[in-house]
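Asks: Supplied structure: start-v7.txt, compact mmCIF, C-alpha atoms.
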# COMPACT_ATOMS: atom_id res chain seq x y z
CA MET K 14 19.20 74.59 98.79
CA LYS K 15 20.93 75.26 95.52
CA LYS K 16 20.41 78.97 96.10
CA ILE K 17 21.98 78.77 99.53
CA GLY K 18 24.92 76.90 98.06
CA GLN K 19 25.25 79.54 95.38
CA LEU K 20 25.06 82.30 97.99
CA ILE K 21 27.77 80.63 100.10
CA LEU K 22 29.88 80.26 96.99
CA ASN K 23 29.44 83.94 96.27
CA ILE K 24 30.49 85.02 99.71
CA LYS K 25 33.07 82.30 100.31
CA ASP K 26 35.92 84.79 100.24
CA TYR K 27 34.31 86.82 103.00
CA LEU K 28 33.46 83.69 104.97
CA ILE K 29 37.03 82.46 104.81
CA LEU K 30 38.34 85.88 105.75
CA SER K 31 35.96 85.93 108.70
CA VAL K 32 37.19 82.52 109.79
CA LEU K 33 40.80 83.67 109.48
CA ILE K 34 40.03 86.80 111.53
CA VAL K 35 38.30 84.70 114.18
CA PHE K 36 41.29 82.35 114.28
CA SER K 37 43.70 85.24 114.52
CA LEU K 38 41.75 86.90 117.30
CA SER K 39 41.40 83.67 119.21
CA PHE K 40 45.17 83.20 118.97
CA ILE K 41 45.75 86.76 120.13
CA PHE K 42 43.51 86.32 123.15
CA SER K 43 44.97 82.95 124.08
CA ASN K 44 48.59 83.99 123.96
CA ASP K 45 49.17 82.80 127.51
CA ASN K 46 48.07 79.29 126.69
CA SER K 47 50.80 76.82 127.69
CA GLN K 48 50.68 74.96 124.37
CA ILE K 49 51.12 78.18 122.44
CA ARG K 50 53.94 79.17 124.72
CA PHE K 51 55.63 75.82 124.07
CA LEU K 52 55.11 76.15 120.31
CA ARG K 53 56.49 79.64 120.38
CA GLY K 54 59.44 78.49 122.47
CA VAL K 55 60.36 75.87 119.90
CA ALA K 56 60.00 78.37 117.04
CA VAL K 57 62.04 81.01 118.80
CA MET K 58 64.76 78.50 119.62
CA MET K 59 65.04 77.43 115.99
CA PHE K 60 64.92 80.97 114.73
CA GLY K 61 67.37 82.11 117.39
CA THR K 62 69.98 79.69 116.07
CA VAL K 63 69.71 81.24 112.62
CA GLN K 64 69.70 84.76 114.01
CA SER K 65 72.72 84.25 116.25
CA GLY K 66 74.74 83.33 113.18
CA LEU K 67 73.85 86.66 111.64
CA SER K 68 74.31 88.73 114.77
CA SER K 69 77.89 89.59 113.86
CA ILE K 70 76.75 91.46 110.74
CA PRO K 71 76.49 95.15 111.64
CA ASN K 72 73.55 97.40 110.81
CA VAL K 73 74.83 100.30 108.73
CA PHE K 74 72.39 102.81 110.26
CA ASP K 75 73.01 101.48 113.76
CA LEU K 76 76.75 101.79 113.21
CA GLN K 77 76.33 105.38 112.17
CA GLN K 78 74.19 106.11 115.21
CA GLU K 79 76.60 104.26 117.47
CA ASN K 80 79.47 106.16 115.94
CA ASN K 81 77.72 109.46 116.67
CA ILE K 82 77.03 108.43 120.25
CA LEU K 83 80.66 107.37 120.69
CA ARG K 84 81.87 110.67 119.26
CA GLU K 85 79.64 112.58 121.67
CA ASN K 86 80.88 110.42 124.54
CA ASN K 87 84.44 110.98 123.43
CA ILE K 88 84.02 114.76 123.45
CA ARG K 89 82.28 114.65 126.83
CA LEU K 90 84.97 112.41 128.34
CA SER K 91 87.77 114.51 126.86
CA ASN K 92 86.20 117.57 128.39
CA GLU K 93 85.77 115.78 131.71
CA ASN K 94 89.36 114.58 131.56
CA SER K 95 90.62 118.07 130.83
CA ASN K 96 88.58 119.46 133.75
CA LEU K 97 89.94 116.78 136.06
CA ARG K 98 93.50 117.48 134.96
CA GLU K 99 92.86 121.18 135.51
CA ALA K 100 91.39 120.45 138.94
CA LYS K 101 94.40 118.33 139.82
CA LEU K 102 96.85 121.07 138.85
CA GLU K 103 94.80 123.65 140.73
CA ASN K 104 94.77 121.35 143.73
CA ILE K 105 98.57 121.11 143.65
CA ARG K 106 98.92 124.90 143.40
CA LEU K 107 96.41 125.60 146.15
CA THR K 108 97.89 122.93 148.43
CA LYS K 109 101.29 124.56 148.00
CA LEU K 110 99.83 127.99 148.79
CA LEU K 111 97.94 126.63 151.77
CA GLN K 112 101.07 125.04 153.16
CA PHE K 113 102.87 128.37 152.77
CA LYS K 114 100.04 130.23 154.50
CA GLN K 115 100.04 127.79 157.39
CA ALA K 116 103.82 127.92 157.73
CA THR K 117 104.09 131.69 157.83
CA ASN K 118 103.09 134.09 160.56
CA LEU K 119 102.16 136.76 158.05
CA ASN K 120 98.61 137.96 157.76
CA LEU K 121 97.68 136.86 154.23
CA THR K 122 94.62 136.98 152.02
CA SER K 123 94.54 134.53 149.15
CA ALA K 124 93.55 135.88 145.77
CA ARG K 125 92.99 134.57 142.29
CA ILE K 126 94.37 136.42 139.30
CA VAL K 127 91.45 137.30 137.04
CA ASN K 128 93.44 139.23 134.49
CA LYS K 129 97.08 139.91 133.79
CA SER K 130 99.56 141.34 131.35
CA VAL K 131 103.13 140.06 131.27
CA VAL K 132 104.51 141.18 127.93
CA GLN K 133 104.14 144.93 128.17
CA MET K 134 106.34 147.61 129.60
CA ARG K 135 104.03 148.22 132.55
CA ASN K 136 102.66 144.84 133.52
CA THR K 137 99.93 144.38 136.09
CA ILE K 138 97.67 141.68 137.47
CA THR K 139 94.04 142.04 138.51
CA LEU K 140 92.99 140.17 141.63
CA ASN K 141 89.57 139.05 142.76
CA VAL K 142 89.95 140.70 146.18
CA GLY K 143 89.34 144.32 147.03
CA GLU K 144 88.46 146.71 149.79
CA ALA K 145 85.70 144.38 150.93
CA ASP K 146 88.51 141.95 151.79
CA SER K 147 90.53 144.70 153.48
CA VAL K 148 92.93 144.97 150.60
CA TYR K 149 94.37 148.43 150.13
CA VAL K 150 96.91 150.27 148.01
CA ASN K 151 100.60 149.51 148.67
CA MET K 152 99.97 146.10 150.21
CA PRO K 153 102.60 143.61 149.00
CA VAL K 154 101.58 140.69 146.79
CA ILE K 155 103.53 137.47 147.22
CA THR K 156 103.51 133.73 146.64
CA ASP K 157 105.36 130.99 148.40
CA ASP K 158 108.19 131.54 145.89
CA GLY K 159 108.63 135.21 146.66
CA LEU K 160 107.60 138.75 145.88
CA VAL K 161 105.14 139.38 143.06
CA GLY K 162 104.47 143.11 143.37
CA LYS K 163 102.25 145.56 145.19
CA ILE K 164 98.66 146.73 145.07
CA VAL K 165 98.30 150.00 143.17
CA SER K 166 94.56 150.34 142.83
CA THR K 167 91.51 148.89 144.55
CA SER K 168 87.76 148.75 144.15
CA LYS K 169 85.24 147.06 146.38
CA ASN K 170 85.84 143.54 145.08
CA PHE K 171 88.90 143.81 142.84
CA SER K 172 92.39 145.20 142.96
CA VAL K 173 95.21 145.82 140.51
CA ALA K 174 98.77 144.99 141.42
CA GLN K 175 101.93 146.27 139.81
CA ILE K 176 104.30 143.33 139.32
CA LEU K 177 108.09 143.19 139.32
CA ILE K 178 108.25 143.32 135.53
CA ASN K 179 106.76 146.82 135.44
CA LYS K 180 108.89 149.79 134.42
CA ASP K 181 107.48 151.87 137.27
CA MET K 182 108.33 149.28 139.89
CA ARG K 183 111.17 149.92 142.36
CA VAL K 184 112.04 147.64 145.23
CA THR K 185 114.79 148.19 147.76
CA VAL K 186 116.59 144.88 148.01
CA LYS K 187 119.65 143.39 149.57
CA VAL K 188 121.83 140.47 148.74
CA GLN K 189 120.90 137.82 151.29
CA ARG K 190 124.42 136.46 151.66
CA THR K 191 126.40 139.72 151.95
CA ARG K 192 123.67 142.23 152.95
CA VAL K 193 124.65 144.61 150.13
CA ASP K 194 121.80 146.99 149.34
CA GLY K 195 120.49 148.07 145.98
CA ILE K 196 117.37 149.07 144.10
CA LEU K 197 115.65 146.58 141.83
CA TYR K 198 114.03 147.84 138.64
CA TYR K 199 112.74 146.54 135.34
CA ASP K 200 114.24 147.82 132.09
CA GLY K 201 110.87 147.58 130.33
CA VAL K 202 112.14 145.00 127.84
CA SER K 203 113.27 141.74 129.36
CA ASP K 204 115.45 141.95 132.44
CA LEU K 205 115.44 143.02 136.05
CA PHE K 206 118.45 144.97 137.25
CA VAL K 207 119.81 146.08 140.58
CA LYS K 208 121.34 149.52 140.62
CA ASN K 209 123.49 151.35 143.20
CA ILE K 210 125.66 148.34 143.98
CA PRO K 211 129.27 149.51 144.30
CA LYS K 212 131.93 147.86 142.15
CA ASN K 213 133.81 146.48 145.11
CA SER K 214 130.75 144.78 146.63
CA ASP K 215 130.71 141.04 147.17
CA VAL K 216 127.98 140.07 144.75
CA ASN K 217 128.04 136.84 142.78
CA VAL K 218 125.88 135.01 140.28
CA GLY K 219 123.43 132.80 142.17
CA ASP K 220 123.02 135.12 145.12
CA ILE K 221 119.47 135.54 146.34
CA LEU K 222 117.96 138.98 146.67
CA ILE K 223 115.48 139.72 149.44
CA THR K 224 113.48 142.80 150.34
CA SER K 225 115.35 145.28 152.47
CA GLU K 226 114.26 146.78 155.78
CA TYR K 227 114.72 150.17 154.15
CA SER K 228 111.57 149.64 152.12
CA ASN K 229 108.54 151.59 153.20
CA ILE K 230 106.18 149.13 151.50
CA TYR K 231 107.58 145.62 151.78
CA PRO K 232 108.43 143.84 154.99
CA PRO K 233 112.08 142.73 155.04
CA GLY K 234 113.21 139.25 154.06
CA ILE K 235 110.85 138.39 151.21
CA PRO K 236 112.75 136.62 148.41
CA VAL K 237 112.71 138.68 145.22
CA GLY K 238 115.08 137.17 142.68
CA ILE K 239 118.33 135.47 141.91
CA ILE K 240 121.38 137.13 140.38
CA THR K 241 122.09 135.71 136.96
CA GLU K 242 124.79 138.05 135.69
CA THR K 243 127.25 140.55 137.10
CA GLY K 244 129.65 142.98 135.49
CA ASN K 245 131.18 146.40 135.83
CA LEU K 246 129.65 149.58 134.50
CA ASP K 247 131.62 152.63 133.34
CA ASN K 248 130.87 154.40 136.61
CA LEU K 249 131.31 153.38 140.23
CA PHE K 250 128.66 150.69 140.20
CA LYS K 251 128.18 147.11 139.17
CA LYS K 252 125.83 145.82 136.55
CA VAL K 253 123.67 143.18 138.21
CA VAL K 254 121.08 141.26 136.22
CA VAL K 255 118.38 139.44 138.18
CA SER K 256 115.91 136.73 137.33
CA PRO K 257 112.63 136.86 139.29
CA LEU K 258 111.74 133.85 141.41
CA ILE K 259 108.20 134.01 140.11
CA ASP K 260 107.20 132.72 136.69
CA PHE K 261 104.61 135.38 135.87
CA SER K 262 103.37 133.60 132.77
CA ASP K 263 101.77 130.73 134.69
CA LEU K 264 100.93 132.61 137.86
CA GLU K 265 97.29 132.06 138.89
CA ASN K 266 97.01 132.40 142.66
CA VAL K 267 98.73 134.86 144.98
CA PHE K 268 98.55 136.22 148.51
CA VAL K 269 98.04 139.81 149.48
CA MET K 270 99.96 140.64 152.63
CA LYS K 271 97.95 142.62 155.13
CA PHE K 272 100.96 144.80 155.71
CA LEU K 273 101.01 148.56 155.69
CA SER K 274 104.13 150.35 156.75
CA SER K 275 104.12 152.83 159.57
CA GLN K 276 102.38 156.04 158.58
CA GLU K 277 104.57 157.93 161.06
CA ARG K 278 107.74 156.69 159.36
CA TYR K 279 106.34 157.53 155.94
CA LEU K 280 105.45 161.08 156.90
CA LEU K 281 108.80 161.65 158.60
CA GLU K 282 110.74 160.39 155.57
CA LYS K 283 108.58 162.49 153.28
CA THR K 284 109.31 165.60 155.32
CA PHE K 285 113.04 165.15 154.71
CA GLN K 286 112.37 164.04 151.11
CA THR K 287 114.24 160.84 151.65
CA PRO K 288 113.83 158.29 148.83
CA GLY K 289 111.26 155.99 150.34
CA LYS K 290 111.65 152.81 148.32
CA MET D 10 59.33 80.82 104.52
CA LEU D 11 62.60 82.16 103.18
CA LEU D 12 61.17 85.63 102.98
CA ILE D 13 59.97 85.43 106.57
CA LEU D 14 63.41 84.38 107.74
CA PHE D 15 64.87 87.15 105.64
CA GLN D 16 62.45 89.63 107.18
CA LYS D 17 63.36 88.67 110.73
CA THR D 18 67.09 88.48 110.17
CA VAL D 19 68.60 90.46 107.33
CA ILE D 20 66.02 93.23 107.10
CA GLY D 21 66.88 94.24 110.66
CA PHE D 22 70.24 95.44 109.34
CA ILE D 23 68.63 98.17 107.26
CA SER D 24 66.45 99.47 110.06
CA VAL D 25 66.39 103.22 110.46
CA SER D 26 65.82 105.62 113.36
CA ASN D 27 66.17 104.77 117.01
CA ILE D 28 62.82 102.96 117.02
CA ASN D 29 64.04 100.46 114.42
CA ILE D 30 61.72 101.15 111.52
CA THR D 31 62.06 98.31 109.03
CA PRO D 32 60.45 97.68 105.66
CA ASP D 33 58.08 94.73 105.44
CA ILE D 34 59.17 92.54 102.55
CA VAL D 35 56.71 89.80 103.51
CA LEU D 36 53.91 92.29 102.96
CA ILE D 37 55.32 93.24 99.56
CA ALA D 38 55.35 89.57 98.60
CA LEU D 39 51.79 89.13 99.88
CA MET D 40 50.65 92.13 97.87
CA VAL D 41 52.16 90.54 94.75
CA ILE D 42 50.40 87.25 95.46
CA SER D 43 47.09 88.91 96.28
CA VAL D 44 47.02 91.10 93.20
CA ARG D 45 48.07 88.15 91.08
CA GLU D 46 45.99 85.35 92.64
CA GLY D 47 43.05 87.14 94.19
CA ARG D 48 41.76 87.89 97.65
CA LEU D 49 41.06 84.31 98.76
CA SER D 50 44.56 83.05 98.06
CA GLY D 51 45.99 86.30 99.33
CA SER D 52 44.23 86.15 102.67
CA LEU D 53 45.16 82.47 103.17
CA TYR D 54 48.80 83.13 102.35
CA GLY D 55 48.66 86.18 104.57
CA PHE D 56 47.25 84.24 107.47
CA PHE D 57 49.87 81.50 107.37
CA ALA D 58 52.76 83.87 106.71
CA GLY D 59 51.60 86.02 109.61
CA MET D 60 51.30 83.03 111.93
CA LEU D 61 54.81 81.93 111.08
CA LEU D 62 56.15 85.41 111.58
CA ASP D 63 54.40 85.71 114.93
CA LEU D 64 55.77 82.38 116.06
CA ILE D 65 59.36 83.31 115.47
CA SER D 66 59.09 86.95 116.48
CA GLY D 67 57.77 86.25 119.97
CA SER D 68 55.13 88.95 119.61
CA PHE D 69 51.36 88.44 119.94
CA LEU D 70 50.60 85.19 118.19
CA GLY D 71 47.91 85.84 115.59
CA LEU D 72 48.48 89.56 115.31
CA SER D 73 50.53 89.54 112.11
CA ALA D 74 48.22 86.82 110.82
CA LEU D 75 45.25 89.13 111.33
CA CYS D 76 47.02 92.09 109.70
CA TYR D 77 48.26 90.13 106.72
CA SER D 78 45.06 88.27 106.03
CA VAL D 79 42.95 91.45 106.11
CA THR D 80 45.48 93.44 104.07
CA SER D 81 45.93 90.69 101.52
CA PHE D 82 42.18 90.33 101.21
CA ILE D 83 41.86 94.05 100.43
CA ALA D 84 44.78 93.91 97.97
CA GLY D 85 43.18 90.91 96.31
CA ASN D 86 40.41 93.19 95.06
CA PHE D 87 42.96 94.63 92.63
CA ASN D 88 43.25 91.27 90.92
CA THR D 89 42.36 91.76 87.27
CA GLU D 90 42.76 89.66 84.14
CA ASN D 91 45.59 91.71 82.71
CA LYS D 92 47.30 92.18 86.10
CA LYS D 93 47.67 95.87 85.39
CA TYR D 94 48.00 96.69 89.07
CA LEU D 95 51.22 94.73 89.24
CA THR D 96 52.86 97.17 86.91
CA LYS D 97 54.24 100.64 87.23
CA TYR D 98 53.27 102.86 90.11
CA TYR D 99 49.90 101.24 90.86
CA PHE D 100 51.72 98.56 92.72
CA ILE D 101 53.65 100.99 94.88
CA LEU D 102 50.38 102.68 95.84
CA ILE D 103 48.82 99.31 96.66
CA VAL D 104 51.81 98.42 98.83
CA LEU D 105 51.65 101.81 100.54
CA PHE D 106 47.94 101.44 101.23
CA GLY D 107 48.34 97.81 102.32
CA ALA D 108 51.24 98.69 104.60
CA ILE D 109 49.25 101.50 106.21
CA VAL D 110 46.30 99.19 106.85
CA SER D 111 48.51 96.37 108.10
CA ASN D 112 50.59 98.61 110.35
CA LEU D 113 47.54 100.41 111.65
CA ILE D 114 45.96 97.16 112.81
CA TYR D 115 49.26 95.86 114.13
CA PHE D 116 50.29 98.91 116.12
CA ILE D 117 46.83 99.65 117.47
CA PHE D 118 46.83 96.19 119.03
CA TYR D 119 50.50 96.37 119.90
CA PHE D 120 50.31 99.66 121.78
CA GLN D 121 46.95 98.98 123.40
CA GLY D 122 47.11 99.91 127.07
CA SER D 123 50.33 101.88 126.67
CA PRO D 124 50.30 105.64 127.31
CA ILE D 125 51.51 106.44 123.76
CA GLU D 126 48.99 108.59 121.89
CA LEU D 127 47.38 107.21 118.74
CA SER D 128 48.56 110.18 116.67
CA ARG D 129 52.15 109.43 117.70
CA VAL D 130 51.71 105.77 116.88
CA ILE D 131 50.41 106.65 113.42
CA LEU D 132 53.09 109.23 112.74
CA ASN D 133 56.10 107.44 114.22
CA PHE D 134 55.32 103.84 113.43
CA VAL D 135 52.51 103.36 110.92
CA LEU D 136 53.40 105.99 108.33
CA THR D 137 57.17 105.69 108.56
CA SER D 138 57.17 101.92 108.29
CA ALA D 139 54.57 101.99 105.48
CA THR D 140 56.58 104.56 103.53
CA TYR D 141 59.77 102.55 103.92
CA THR D 142 57.97 99.41 102.71
CA ALA D 143 56.45 101.27 99.75
CA LEU D 144 59.88 102.65 98.84
CA LEU D 145 61.35 99.17 98.89
CA SER D 146 58.61 97.96 96.57
CA ILE D 147 60.14 100.20 93.89
CA PHE D 148 62.79 97.52 93.51
CA TYR D 149 60.11 95.03 92.54
CA ILE D 150 58.81 97.41 89.85
CA ALA D 151 62.34 97.98 88.60
CA ILE D 152 63.22 94.29 88.36
CA PRO D 153 62.84 92.80 84.88
CA HIS D 154 61.27 89.34 84.46
CA ARG D 155 59.05 89.84 87.45
CA LYS D 156 56.82 86.96 86.59
CA LYS D 157 59.45 84.44 87.60
CA ILE D 158 59.76 86.19 90.93
CA GLU D 159 56.01 86.26 91.38
CA ARG D 160 55.92 82.52 90.85
CA GLY D 161 58.77 82.16 93.30
CA PHE D 162 56.92 84.18 95.93
CA ALA D 163 53.84 82.06 95.56
CA GLY D 164 55.88 78.93 95.94
CA GLU D 165 57.97 80.06 98.91
CA SER D 166 55.35 81.75 101.02
Would it be possible to restate this file's structure as structure tokens?

Replies:
Amino acid sequence: MKKIGQLILNIKDYLILSVLIVFSLSFIFSNDNSQIRFLRGVAVMMFGTVQSGLSSIPNVFDLQQENNILRENNIRLSNENSNLREAKLENIRLTKLLQFKQATNLNLTSARIVNKSVVQMRNTITLNVGEADSVYVNMPVITDDGLVGKIVSTSKNFSVAQILINKDMRVTVKVQRTRVDGILYYDGVSDLFVKNIPKNSDVNVGDILITSEYSNIYPPGIPVGIITETGNLDNLFKKVVVSPLIDFSDLENVFVMKFLSSQERYLLEKTFQTPGK
Amino acid sequence: MLLILFQKTVIGFISVSNINITPDIVLIALMVISVREGRLSGSLYGFFAGMLLDLISGSFLGLSALCYSVTSFIAGNFNTENKKYLTKYYFILIVLFGAIVSNLIYFIFYFQGSPIELSRVILNFVLTSATYTALLSIFYIAIPHRKKIERGFAGES
């Protein structure tokens, strides 16, 4: 008996540990017991009161993580906002173009400018329409504001248009109010001019210029520009400075007019070497 | 009791990673008690501390009690006359080992029936939490007049 007592004493640590393990396991497997649930409820309620008092203290690491998430969200939302703003502006532009297309009887093909130069001597724009869209050389390019230029080169899906601010560009125009004719050209630096307007012509600042019926490329009546300055030259003609109606710097969408002048007229004029434009 | 409250409230503020890895200061205290007092006292303290922790944490009742009593019992084997294992880096190793054992038992039970692989449990939960706990135990080594604290631990737990 003494030996057994001694043995138990020797292994008492293990026995107690075993009892503790059995207790722990029995608690684990009786977690759904209603008394345990009640006990836990009371403990959680008491502990919750303490914890709620501390809930306003921020976790440094959590704050850092939250900050990172907020930064990411901020970038994403800024990007989304910028896209929406862009979409809104595009919507306004396209709506305006659509209204113009619906209001006019002209046969138009809408095009997006995919490339452009506006600060050189010979400025052009590249459009995302080409021969596949029945766009050919010498077709006029316009917007609802007025004349942009003309197509000078085409491929299957793209085309290049010469715009008014191109040194090679010539457009026969007339003053809308007084029907005085002239030829519009770009000086290659900053201004558009109209030449061949006699000194005694009735031309004033603010007069609108439109395309003339003498043009072999443009249909008559398309607005081209507004006269901003007039004066007399040393010869028989007036100096007329014109501002285009189009702001080429923010131009994004245009129409290509499905208009080709009469081949018969062109050939006849060429035979007599008449200036065509 | 204070340490348990501290563990469930303040320690949460120094949790790291998105899975809230926290150090276990109750375990550190239990390791101190076990190495100082022996495995019997250690396992008893461990059991009651674990029960209390389980009660307020809302997790499986008895699970922390099981982990702590077993871990404290093992740590109690390092109880020597001169308490040499309470000094220097031995203690950190004991805490690391104890935390691995404790976390292993805890998370194996905790994730039982879930599709998470055991290797992931060990890597993401057991080892990270144990390492964090062991790192925190450096503070105990660095604190002068530890004996007072040891007595405090024994009294509070």

Asks: So how many Å separate CA of Lys212 in chain K and CA of Gly195 in chain K, to one decimal?

Replies: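 Computed distance, CA of Lys212 in chain K to CA of Gly195 in chain K, equals 12.1 Å.
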
Asks: Find the residue from D:Ile103, D:Ile83, D:Val110, D:Leu145 that sits nearest to chain K; use only C-alpha atoms when measuring.

Replies: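 Closest to chain K, using only C-alpha atoms: D:Ile83.
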
Asks: Excluding same-chain residues fewer than 5 positions from Phe134 in chain D, what lies within 8 Å of it counting only C-alpha atoms, as a list in words?

Replies: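 Neighbouring residues, sequence-local ones excluded: Ile30, Asn112, Phe116 and Arg129 of chain D.
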
Asks: Tell me, in Å to one decimal, how far CA of Leu205 in chain K is from CA of Val255 in chain K.

Replies: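 Between CA of Leu205 in chain K and CA of Val255 in chain K the gap works out to 5.1 Å.
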
Asks: So what do you get for CA of Gln16 in chain D versus CA of Cys76 in chain D, distance-wise?

Replies: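 Pair CA of Gln16 in chain D / CA of Cys76 in chain D returns 15.8 Å.
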
Asks: Counting all atoms listed in the file, I want the residues whose atoms come within 12 Å of (105.1, 152.3, 160.6) in the file frame, returned as a list in words.

Replies: Glu226, Tyr227, Ser228, Asn229, Ile230, Tyr231, Pro232, Phe272, Leu273, Ser274, Ser275, Gln276, Glu277, Arg278, Tyr279, Leu280, Leu281 and Glu282 of chain K

Asks: Can I get the selection written as a compact mmCIF listing (two decimals), in the coordinates of the input, with C-alpha atoms?

Replies:
# COMPACT_ATOMS: atom_id res chain seq x y z
CA GLU K 226 114.26 146.78 155.78
CA TYR K 227 114.72 150.17 154.15
CA SER K 228 111.57 149.64 152.12
CA ASN K 229 108.54 151.59 153.20
CA ILE K 230 106.18 149.13 151.50
CA TYR K 231 107.58 145.62 151.78
CA PRO K 232 108.43 143.84 154.99
CA PHE K 272 100.96 144.80 155.71
CA LEU K 273 101.01 148.56 155.69
CA SER K 274 104.13 150.35 156.75
CA SER K 275 104.12 152.83 159.57
CA GLN K 276 102.38 156.04 158.58
CA GLU K 277 104.57 157.93 161.06
CA ARG K 278 107.74 156.69 159.36
CA TYR K 279 106.34 157.53 155.94
CA LEU K 280 105.45 161.08 156.90
CA LEU K 281 108.80 161.65 158.60
CA GLU K 282 110.74 160.39 155.57

Asks: Counting all atoms listed in the file, which of D:Thr96, D:Ala38, D:Val104, D:Tyr119 gets nearest to chain K?

Replies: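 Going through D:Thr96, D:Ala38, D:Val104, D:Tyr119 one by one, the smallest distance to chain K is for D:Tyr119.
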
Asks: Between K:Arg106, K:Ile34, K:Ile24, K:Gly18, single out the one closest to chain D, counting all atoms listed in the file.

Replies: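 Counting all atoms listed in the file, the residue closest to chain D is K:Ile34.
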
Asks: Near range 150-154 of chain K, counting only C-alpha atoms, which residues have an atom at most 8 Å away, once you skip same-chain residues fewer than 6 positions from it, shown as number ranges by chain?

Replies: K: 160-167, 174, 230-231, 267-273

Asks: Could you name the residues that touch Lys114 in chain K at 12 Å or less, counting only C-alpha atoms, but leaving out those on the same chain fewer than 2 positions away, as a PyMOL selection string?

Replies: chain K and resi 107-112+116-123+155-158+267-270

Asks: For Tyr99 in chain D, which residue out of D:Leu132, D:Met40, D:Leu62, D:Ile34 is the nearest one, using only C-alpha atoms?

Replies: D:Met40

Asks: Measuring between only C-alpha atoms, which one of D:Val135, D:Ile37, D:Leu105, D:Ile150 shows the shortest distance to Tyr77 in chain D?

Replies: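 When distances to Tyr77 in chain D are compared using only C-alpha atoms, the smallest one comes from D:Ile37.
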
Asks: Pick from K:Ser203, K:Ser43, K:Thr191, K:Ser147: nearest to chain D, with only C-alpha atoms counted?

Replies: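 Between K:Ser203, K:Ser43, K:Thr191, K:Ser147, the residue approaching chain D most closely is K:Ser43.
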
Asks: I'd like the box whose edges run along x, y and z of the file and which contains every listed atom of range 40-59 of chain D, padded by 4 Å per side; could you state its centre and edge lengths in Å, one decimal, as lines of an AutoDock Vina configuration file?

Replies:
center_x = 46.9
center_y = 86.8
center_z = 100.3
size_x = 19.7
size_y = 18.6
size_z = 26.5

Asks: Residues around (48.6, 83.2, 117.4), cut-off 7 Å, counting all atoms listed in the file - what are they as a ChimeraX atom specification?

Replies: /K:37,40-41,44 /D:60,63,69-72

Asks: Counting all atoms listed in the file, what is within 6 Å of Ser172 in chain K, bar same-chain residues fewer than 6 positions away, as a compact mmCIF listing (two decimals) with C-alpha atoms, in the coordinates of the input?

Replies:
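result-v1.txt, freshly written:
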# COMPACT_ATOMS: atom_id res chain seq x y z
CA THR K 139 94.04 142.04 138.51
CA LEU K 140 92.99 140.17 141.63
CA GLY K 143 89.34 144.32 147.03
CA SER K 166 94.56 150.34 142.83
